[in-house]
Structures are given as structure tokens and as C-alpha cells.
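Undergrad: This is the structure I want to talk about, given as C-alpha cells.
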Amino acid sequence: MALDMALSSKKSAKPIQLDFDEILQILPQKPPFVMVAQVTEMMSGKRIIAIKNANISGLCGMEIFGAKKPRKFIYPETLLLETMGQTGLILFKYSIGRPKEEMKIYLTLSDVRYFKRINPSVRLVIEAT
């Protein structure tokens with residue numbers, strides 16, 4: 001419902017917010033592989049701010065934090081990349097005015113670096129421009 005209203009007022013300067021159900025209509029992934037929990041702010045073609053809640057039992061109750069050292073749990077880097085990719089896809093599909101349309105997009109990333117480890121029970125804020 002809010003997604004349809006957002007599409008009809010796409011030209012407005014008012015930021016758009018999306019909940020999880022609206023995100024499911026945009027992304028091709030289905031639960032449990034939808035990594036974006038909420039979009040708190042989106043300006044079409046310009047910027048998006050999304051939320052990901054990193055918890056220890058994220059995918060169907062499976063433990064997704066790997067213990068690389070005894071008793072040290074970190075969020076897998078590949079899932080961080082997937083979260084960033086899904087956030088960018090939401091912004092892209094909304095920006096071209098076809099958020100509900102299925103399309104294939106291929107992306108390559110190189111020289112990705114992580115500066116801080118993500119521990120369990122952290123709320124990630126992803127911003128893309």
C-alpha cells in the first residue's frame with residue numbers, strides 16, 4: 001500500500017519508507033534470504049538508508065556467525081555484501097520506476113575491505129548513494 005503511494009508520488013521530495021512486506025514485493029529473494037529488514041529513508045535516484053538486524057540465528061534459525069576464534073562470533077562478510085547489494089537493488093529498481101518488475105542485474109565487486117567486525121545483536125545501517 002505505501003509502496004503504491006510512493007510510486008504515485010515519485011516526483012515528490014518527501015523521503016520514502018518501506019517495511020519488510022513492501023521490500024518483499026521489490027526483491028527477487030524470498031525469506032530467509034532477504035537481508036534488508038527496513039528502509040528508513042529513500043530519495044529516488046539519490047540515496048537510500050536501510051536497516052539490517054544482525055542476529056546469531058538469522059537464516060531459518062541456523063547459526064550464521066562463524067566462530068573463527070574460540071568464543072568470538074562475527075557476521076559473515078558474504079552476507080554483508082548481499083545486504084549491500086539488496087539495498088542498492090531497491091534504490092535502482094525504484095529509481096527507474098519499476099520496483100515490482102523482475103529483472104536480471106549482474107554486478108562485480110573488487111577490492112572490498114572490511115574495517116570492523118560485526119558482532120551478534122548489532123543493528124546495521126546501510127547507506128547507498
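Labels used: A, B, ... for chains in the order of the C-alpha cells, numbers from 1 for residues in each chain, and numbers from 1 for ligands as shown.
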Residues of segment 9-117 of chain A in alpha helix (DSSP H) according to DSSP, as JSON, numbers by chain?
TA: {"A": [20, 21, 22, 23, 24, 25, 26, 77, 78, 79, 80, 81, 82, 83, 84, 85, 86, 87, 88, 89, 90, 91, 92, 93, 94, 95]}
Undergrad: Would you export the selected residues with C-alpha atoms as a CSV table (one decimal), in the first residue's frame, please?
TA:
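Contents of the output file selection_2.csv:
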```
chain,number,residue,atom,x,y,z
A,20,PHE,CA,9.5,-5.7,5.3
A,21,ASP,CA,6.4,-6.6,3.4
A,22,GLU,CA,7.0,-3.9,0.9
A,23,ILE,CA,10.6,-4.9,0.5
A,24,LEU,CA,9.4,-8.5,-0.3
A,25,GLN,CA,7.5,-7.1,-3.3
A,26,ILE,CA,10.6,-5.5,-4.7
A,77,GLU,CA,31.3,-10.9,5.1
A,78,THR,CA,29.5,-12.5,2.2
A,79,LEU,CA,26.2,-11.8,3.9
A,80,LEU,CA,27.2,-8.2,4.4
A,81,LEU,CA,27.9,-7.9,0.7
A,82,GLU,CA,24.5,-9.5,0.0
A,83,THR,CA,22.8,-6.9,2.3
A,84,MET,CA,24.6,-4.0,0.5
A,85,GLY,CA,23.6,-5.5,-2.9
A,86,GLN,CA,20.0,-5.8,-2.0
A,87,THR,CA,19.9,-2.3,-0.7
A,88,GLY,CA,21.4,-1.0,-3.9
A,89,LEU,CA,18.9,-3.1,-5.9
A,90,ILE,CA,15.9,-1.5,-4.1
A,91,LEU,CA,17.3,2.0,-4.9
A,92,PHE,CA,18.0,1.1,-8.5
A,93,LYS,CA,14.6,-0.5,-9.2
A,94,TYR,CA,12.7,2.3,-7.6
A,95,SER,CA,14.8,4.9,-9.4
```
Undergrad: Give me the residues near Ile16 of chain A as a PyMOL selection string, where near means some atom within 8 Å (using only C-alpha atoms) and where sequence neighbours in that chain fewer than 6 positions away do not count.
TA: chain A and resi 6+40-43
Undergrad: Any chance you could export the current selection's C-alpha atoms as a PDB file, in the first residue's frame?
TA:
```pdb
ATOM      1  CA  ALA A   6       5.257   6.059  -3.091  1.00  0.00           C
ATOM      2  CA  THR A  40      14.046   4.167   6.741  1.00  0.00           C
ATOM      3  CA  GLU A  41      14.691   6.764   4.048  1.00  0.00           C
ATOM      4  CA  MET A  42      14.835   6.713   0.265  1.00  0.00           C
ATOM      5  CA  MET A  43      15.071   9.542  -2.239  1.00  0.00           C
TER       6      MET A  43
END
```
Undergrad: With only C-alpha atoms as the atoms that count, which of A:Pro31, A:Pro99, A:Pro15, A:Pro76 lies nearest to Arg47 of chain A?
TA: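 Among A:Pro31, A:Pro99, A:Pro15, A:Pro76, it is A:Pro15 that comes nearest to Arg47 of chain A.
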